[in-house]
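Novice: The file below is final.txt, compact mmCIF, C-alpha atoms:
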```
# COMPACT_ATOMS: atom_id res chain seq x y z
CA MET K 1 -57.54 105.76 184.83
CA SER K 2 -55.01 104.88 187.48
CA ARG K 3 -53.51 101.45 187.48
CA PRO K 4 -54.46 99.06 190.29
CA ILE K 5 -51.84 98.67 192.99
CA PRO K 6 -50.12 95.28 192.72
CA GLU K 7 -51.00 92.82 195.49
CA THR K 8 -47.33 92.44 196.43
CA ALA K 9 -47.08 96.18 197.04
CA LEU K 10 -50.20 96.11 199.19
CA ARG K 11 -48.77 93.30 201.30
CA ALA K 12 -45.51 95.17 201.70
CA ALA K 13 -47.32 98.32 202.80
CA ALA K 14 -49.42 96.38 205.29
CA ALA K 15 -46.45 94.54 206.78
CA PRO K 16 -45.30 95.88 210.16
CA ARG K 17 -42.24 98.07 209.89
CA PRO K 18 -39.30 97.39 212.18
CA ASP K 19 -39.16 99.63 215.22
CA HIS K 20 -36.58 102.23 214.21
CA ARG K 21 -35.95 103.28 217.79
CA GLN K 22 -35.24 99.70 218.89
CA GLU K 23 -32.90 99.24 215.95
CA GLN K 24 -31.01 102.39 216.90
CA ARG K 25 -30.77 101.30 220.54
CA LYS K 26 -29.30 97.97 219.48
CA ARG K 27 -26.77 99.68 217.20
CA ILE K 28 -25.69 101.95 220.03
CA LEU K 29 -25.42 99.10 222.54
CA ASP K 30 -23.37 97.00 220.11
CA ALA K 31 -21.04 99.96 219.59
CA ALA K 32 -20.78 100.56 223.33
CA LYS K 33 -19.91 96.89 223.94
CA ALA K 34 -17.16 97.11 221.35
CA CYS K 35 -15.75 100.31 222.87
CA PHE K 36 -15.97 99.17 226.49
CA GLY K 37 -14.38 95.84 225.61
CA ARG K 38 -11.57 97.51 223.65
CA ASP K 39 -10.87 100.65 225.72
CA GLY K 40 -12.36 99.95 229.16
CA PHE K 41 -15.11 101.89 230.88
CA HIS K 42 -13.06 105.05 231.42
CA GLY K 43 -11.19 104.89 228.13
CA ALA K 44 -14.39 104.59 226.09
CA SER K 45 -15.72 108.14 225.92
CA MET K 46 -19.17 108.97 224.64
CA GLN K 47 -17.40 110.60 221.68
CA LYS K 48 -15.72 107.29 220.81
CA ILE K 49 -19.04 105.50 221.04
CA CYS K 50 -20.59 108.11 218.74
CA ALA K 51 -17.81 107.52 216.23
CA GLU K 52 -18.23 103.74 216.50
CA VAL K 53 -21.95 103.91 215.79
CA ASP K 54 -21.61 106.82 213.33
CA MET K 55 -24.07 109.01 215.20
CA SER K 56 -23.97 112.59 216.43
CA PRO K 57 -23.66 113.20 220.19
CA GLY K 58 -27.06 114.91 220.23
CA ALA K 59 -28.73 111.89 218.66
CA LEU K 60 -27.00 109.42 220.98
CA TYR K 61 -27.88 111.38 224.12
CA ARG K 62 -31.55 111.14 223.21
CA TYR K 63 -31.21 107.39 223.77
CA PHE K 64 -28.62 107.21 226.56
CA PRO K 65 -27.65 110.23 228.67
CA SER K 66 -24.51 108.63 230.19
CA LYS K 67 -22.12 105.70 230.11
CA GLU K 68 -23.80 104.36 233.26
CA SER K 69 -27.11 104.23 231.42
CA LEU K 70 -25.41 102.34 228.60
CA ILE K 71 -24.00 99.74 231.00
CA ALA K 72 -27.40 99.33 232.66
CA ALA K 73 -29.04 98.83 229.25
CA ILE K 74 -26.40 96.27 228.22
CA VAL K 75 -27.02 94.27 231.40
CA GLU K 76 -30.78 94.43 230.91
CA SER K 77 -30.55 93.52 227.22
CA GLU K 78 -28.93 90.21 228.15
CA ARG K 79 -31.61 89.37 230.72
CA ALA K 80 -33.73 87.25 228.37
CA GLU K 81 -30.69 85.26 227.28
CA ARG K 82 -29.67 84.78 230.92
CA LEU K 83 -33.16 83.56 231.90
CA GLY K 84 -33.20 81.10 229.02
CA MET K 85 -29.73 79.84 229.89
CA PHE K 86 -30.63 79.13 233.51
CA ASP K 87 -33.89 77.47 232.48
CA MET K 88 -31.85 75.12 230.27
CA ILE K 89 -29.32 74.50 233.06
CA THR K 90 -31.99 73.65 235.62
CA ARG K 91 -33.63 71.15 233.23
CA ALA K 92 -30.37 69.54 232.11
CA PRO K 93 -29.59 65.93 233.10
CA SER K 94 -26.45 67.29 234.76
CA VAL K 95 -26.67 70.80 236.22
CA LEU K 96 -22.93 71.02 236.89
CA GLY K 97 -22.19 69.79 233.38
CA ALA K 98 -24.53 72.41 231.89
CA LEU K 99 -22.93 75.17 233.98
CA SER K 100 -19.50 74.08 232.76
CA SER K 101 -20.69 74.04 229.13
CA CYS K 102 -22.12 77.56 229.42
CA LEU K 103 -18.88 78.86 230.93
CA ALA K 104 -16.86 77.18 228.18
CA LEU K 105 -19.12 78.83 225.59
CA LEU K 106 -18.39 82.26 227.08
CA LEU K 107 -14.70 81.64 226.48
CA THR K 108 -15.19 81.29 222.74
CA GLU K 109 -14.45 84.15 220.35
CA ASP K 110 -18.12 84.63 219.46
CA HIS K 111 -19.10 85.30 223.08
CA MET K 112 -15.89 86.74 224.54
CA ALA K 113 -16.70 90.34 223.60
CA SER K 114 -19.71 90.25 225.89
CA ALA K 115 -18.03 88.17 228.60
CA ARG K 116 -15.08 90.59 228.62
CA LEU K 117 -17.36 93.29 229.97
CA GLY K 118 -18.07 91.36 233.17
CA PRO K 119 -14.82 92.19 235.01
CA GLU K 120 -14.94 95.74 233.61
CA ILE K 121 -18.46 96.29 234.98
CA MET K 122 -17.57 94.74 238.35
CA ALA K 123 -14.49 96.92 238.73
CA GLU K 124 -16.42 100.08 237.89
CA ALA K 125 -19.31 99.14 240.20
CA ILE K 126 -16.87 98.98 243.12
CA ARG K 127 -16.02 102.66 242.57
CA ASN K 128 -19.32 103.93 241.19
CA ALA K 129 -22.24 103.77 243.62
CA ASP K 130 -24.79 104.83 240.99
CA LEU K 131 -23.73 102.07 238.64
CA ARG K 132 -23.75 99.59 241.51
CA LYS K 133 -27.40 100.41 242.19
CA THR K 134 -28.38 99.85 238.57
CA ILE K 135 -26.87 96.36 238.42
CA ASP K 136 -27.84 95.18 241.93
CA ALA K 137 -31.21 93.91 240.69
CA CYS K 138 -29.49 91.89 237.97
CA GLU K 139 -27.00 90.46 240.45
CA ALA K 140 -29.80 89.48 242.82
CA GLU K 141 -31.76 87.79 240.03
CA THR K 142 -28.70 85.88 238.83
CA SER K 143 -27.94 84.69 242.36
CA THR K 144 -31.52 83.43 242.75
CA LEU K 145 -31.41 81.62 239.39
CA LEU K 146 -28.07 80.02 240.26
CA ALA K 147 -29.35 78.91 243.68
CA ASP K 148 -32.40 77.33 242.02
CA ALA K 149 -30.14 75.48 239.56
CA LEU K 150 -27.92 74.24 242.38
CA ALA K 151 -30.97 73.07 244.33
CA ALA K 152 -31.86 70.99 241.26
CA ALA K 153 -28.31 69.61 241.30
CA VAL K 154 -28.83 68.53 244.91
CA LYS K 155 -31.96 66.61 243.89
CA GLN K 156 -29.99 64.99 241.06
CA GLY K 157 -27.38 63.79 243.55
CA GLU K 158 -24.58 65.98 242.16
CA ILE K 159 -24.17 68.15 245.27
CA ASP K 160 -23.97 67.09 248.89
CA PRO K 161 -27.29 68.12 250.53
CA ALA K 162 -25.37 68.92 253.72
CA LEU K 163 -23.67 71.86 251.98
CA ASP K 164 -25.11 75.37 252.30
CA ILE K 165 -26.52 76.26 248.87
CA GLU K 166 -25.83 79.98 249.29
CA SER K 167 -22.17 79.26 250.01
CA VAL K 168 -22.00 76.86 247.06
CA ALA K 169 -23.49 79.54 244.79
CA ILE K 170 -20.85 82.03 245.93
CA VAL K 171 -18.05 79.55 245.23
CA ILE K 172 -19.45 78.79 241.76
CA GLN K 173 -19.65 82.52 240.98
CA LEU K 174 -16.09 83.05 242.19
CA ILE K 175 -14.85 80.25 239.96
CA GLY K 176 -16.81 81.51 236.95
CA ASP K 177 -15.69 85.13 237.35
CA GLY K 178 -12.11 84.01 237.94
CA VAL K 179 -12.06 81.86 234.79
CA LEU K 180 -13.39 84.73 232.65
CA LEU K 181 -10.91 87.22 234.13
CA HIS K 182 -7.84 85.01 233.88
CA HIS K 183 -8.79 83.92 230.36
CA GLN K 184 -8.12 87.53 229.42
CA LEU K 185 -5.02 87.95 231.61
CA HIS K 186 -3.44 84.62 230.72
CA PRO K 187 -4.55 83.38 227.30
CA GLU K 188 -1.54 81.07 227.35
CA TRP K 189 -3.29 79.03 230.08
CA LYS K 190 -5.81 77.88 227.44
CA LEU K 191 -8.59 77.69 230.01
CA GLU K 192 -11.15 76.66 227.39
CA GLU K 193 -9.18 73.41 227.01
CA ARG K 194 -8.96 72.96 230.78
CA MET K 195 -12.71 73.20 231.40
CA PRO K 196 -13.19 69.40 231.66
CA ALA K 197 -10.52 69.26 234.38
CA ILE K 198 -12.01 72.26 236.18
CA GLU K 199 -15.46 70.67 236.04
CA ALA K 200 -14.06 67.40 237.42
CA MET K 201 -12.49 69.21 240.38
CA VAL K 202 -15.70 71.11 241.13
CA ARG K 203 -17.68 67.86 240.99
CA ARG K 204 -15.27 66.21 243.41
CA MET K 205 -15.47 69.19 245.76
CA LEU K 206 -19.28 69.26 245.83
CA ALA K 207 -20.05 65.54 245.59
CA PRO K 208 -22.12 63.90 248.33
CA ALA K 209 -20.01 62.30 251.02
CA GLN K 210 -19.50 58.59 250.53
CA PRO K 211 -20.35 56.33 253.46
CA LYS K 212 -17.30 55.07 255.26
CA ALA K 213 -16.53 51.42 254.72
CA VAL K 214 -17.18 49.30 257.78
CA PRO K 215 -14.05 47.35 258.68
CA GLU K 216 -14.54 43.61 258.52
```
Kindly transcribe the structure held in the file into structure tokens.

Specialist:
Amino acid sequence: MSRPIPETALRAAAAPRPDHRQEQRKRILDAAKACFGRDGFHGASMQKICAEVDMSPGALYRYFPSKESLIAAIVESERAERLGMFDMITRAPSVLGALSSCLALLLTEDHMASARLGPEIMAEAIRNADLRKTIDACEAETSTLLADALAAAVKQGEIDPALDIESVAIVIQLIGDGVLLHHQLHPEWKLEERMPAIEAMVRRMLAPAQPKAVPE
């Protein structure tokens, strides 16, 4: 007579198994981020990525046929995090303060590997029309989310309502991209320590105009 199967074994068999394909995709994307961040878009060959993830070229190509497809997947994989971040920013008591905190977080070691890819992707998109098309939707979504957050900042009295929100959004993006780029070029500037001063200058630049004092 066969022994009854232990209840713990039954529960383990019934439990949902992790999606192997999703696990493999994440492993590949993590390896690609490491290679792109270390060697640049052109320096990181598919062979290097295969070595990083310990996978044969044939297996990797079943998931991603090109480096462009890897970049597109990396951008898309961060979409949920980006949506959550902007939702938090819009609801924060100070939108400009929340934006500054998020930028400061990207300068930390834990997040820099991902943030380092931003300038690399932008530079490649200038030269690569196919890659540009794949990230245009992400850029458009980010611009809309930022504009919504800045509109909330106007309601909170942080931004002069006379300013054009689209222009303000462009300036904020320029500052953010510049900080991330120069943090890599000039680590001696210690930009993470200068974020309070940078935030103060941005606040002063965008603050509602104060009524002129009437001379007595």

Novice: What's the 9 Å shell around K:Thr90, counting all atoms listed in the file, without same-chain residues fewer than 2 positions away, as a PyMOL selection string?

Specialist: chain K and resi 85-88+92-95+98+145-146+148-153

Novice: Selected residues, C-alpha atoms, written as an mmCIF file, in the coordinates of the input, please.

Specialist:
```cif
data_model
loop_
_atom_site.group_PDB
_atom_site.id
_atom_site.type_symbol
_atom_site.label_atom_id
_atom_site.label_comp_id
_atom_site.auth_asym_id
_atom_site.auth_seq_id
_atom_site.Cartn_x
_atom_site.Cartn_y
_atom_site.Cartn_z
ATOM 1 C CA MET K 85 -29.730 79.840 229.890
ATOM 2 C CA PHE K 86 -30.630 79.130 233.510
ATOM 3 C CA ASP K 87 -33.890 77.470 232.480
ATOM 4 C CA MET K 88 -31.850 75.120 230.270
ATOM 5 C CA ALA K 92 -30.370 69.540 232.110
ATOM 6 C CA PRO K 93 -29.590 65.930 233.100
ATOM 7 C CA SER K 94 -26.450 67.290 234.760
ATOM 8 C CA VAL K 95 -26.670 70.800 236.220
ATOM 9 C CA ALA K 98 -24.530 72.410 231.890
ATOM 10 C CA LEU K 145 -31.410 81.620 239.390
ATOM 11 C CA LEU K 146 -28.070 80.020 240.260
ATOM 12 C CA ASP K 148 -32.400 77.330 242.020
ATOM 13 C CA ALA K 149 -30.140 75.480 239.560
ATOM 14 C CA LEU K 150 -27.920 74.240 242.380
ATOM 15 C CA ALA K 151 -30.970 73.070 244.330
ATOM 16 C CA ALA K 152 -31.860 70.990 241.260
ATOM 17 C CA ALA K 153 -28.310 69.610 241.300
#
```

Novice: Smallest atom-to-atom distance to K:Pro119: which of K:Arg25, K:Met55, K:Glu199, K:Gly178, using only C-alpha atoms?

Specialist: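 The shortest atom-to-atom distance to K:Pro119 comes from K:Gly178.
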
Novice: Just checking: using all atoms listed in the file, which residue out of K:Gln173, K:Asp164, K:Gln156, K:Glu188 ends up closest to K:Glu139?

Specialist: K:Gln173

Novice: Hey, what's within 12 Å of stretch 47-54 of chain K if we count only C-alpha atoms and toss same-chain stuff fewer than 2 positions away? As a PyMOL selection string, please?

Specialist: chain K and resi 23-45+56-61+63-64+66-67+70

Novice: Find the residue from K:Ile159, K:Leu174, K:Cys138, K:Val202 that sits nearest to K:Ser77; use only C-alpha atoms when measuring.

Specialist: K:Cys138

Novice: Between atom CA of K:Glu68 and atom CA of K:Thr134, measure the distance and give it in Å to one decimal.

Specialist: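 According to the coordinates, atom CA of K:Glu68 and atom CA of K:Thr134 are separated by 8.3 Å.
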
Novice: Enter the distance from atom CA of K:Ser143 to atom CA of K:Leu206, in Å, rounded to one decimal.

Specialist: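 Between these atoms lies a distance of 18.0 Å.
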
Novice: Work out how far apart atom CA of K:Glu158 and atom CA of K:Arg204 are and give it in Å to one decimal.

Specialist: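 Calculated distance between atom CA of K:Glu158 and atom CA of K:Arg204 is 9.4 Å.
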
Novice: May I have the residues within 12 Å of K:Ala137 as a tab-separated table (two decimals) with C-alpha atoms, keeping the file's coordinate frame, using only C-alpha atoms and disregarding those fewer than 4 positions away in the same chain?

Specialist:
```tsv
chain	number	residue	atom	x	y	z
K	72	ALA	CA	-27.40	99.33	232.66
K	75	VAL	CA	-27.02	94.27	231.40
K	76	GLU	CA	-30.78	94.43	230.91
K	79	ARG	CA	-31.61	89.37	230.72
K	131	LEU	CA	-23.73	102.07	238.64
K	132	ARG	CA	-23.75	99.59	241.51
K	133	LYS	CA	-27.40	100.41	242.19
K	141	GLU	CA	-31.76	87.79	240.03
K	142	THR	CA	-28.70	85.88	238.83
K	143	SER	CA	-27.94	84.69	242.36
K	144	THR	CA	-31.52	83.43	242.75
```

Novice: Of the candidates K:Ala197, K:Ala207, K:Ile135, K:Leu185, which one gets nearest to K:Val168 if we count all atoms listed in the file?

Specialist: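 The answer is K:Ala207, which sits nearest to K:Val168.
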
Novice: Axis-aligned box over every listed atom of stretch 52-58 of chain K, padded by 8 Å per side: centre and edges in Å to one decimal, as lines of an AutoDock Vina configuration file?

Specialist:
```
center_x = -22.6
center_y = 109.3
center_z = 216.8
size_x = 24.8
size_y = 27.2
size_z = 22.9
```

Novice: Pick out the closest residue to K:Ile121 from this set: K:Cys102, K:Ile74, K:Val154, K:Ile175. Count all atoms listed in the file.

Specialist: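 Of K:Cys102, K:Ile74, K:Val154, K:Ile175, the one nearest K:Ile121, counting all atoms listed in the file, is K:Ile74.
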
Novice: Hey, what's within 8 Å of K:Met195 if we count all atoms listed in the file and toss same-chain stuff fewer than 4 positions away? As a list in words, please?

Specialist: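 The residues satisfying every condition are Ser100, Ala104, Leu191 and Glu199 of chain K.
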
Novice: Anything within 12 Å of (-25.1, 84.8, 227.1): list those residues as number ranges by chain, counting all atoms listed in the file and sticking to the file's coordinates.

Specialist: K: 74-86, 101-108, 110-118

Novice: Return the single residue from K:Glu124, K:Asp19, K:Ser69, K:Gly97 that is closest to K:Ala200, with distances computed using only C-alpha atoms.

Specialist: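 Looking only at the distances to K:Ala200, the closest residue turns out to be K:Gly97.
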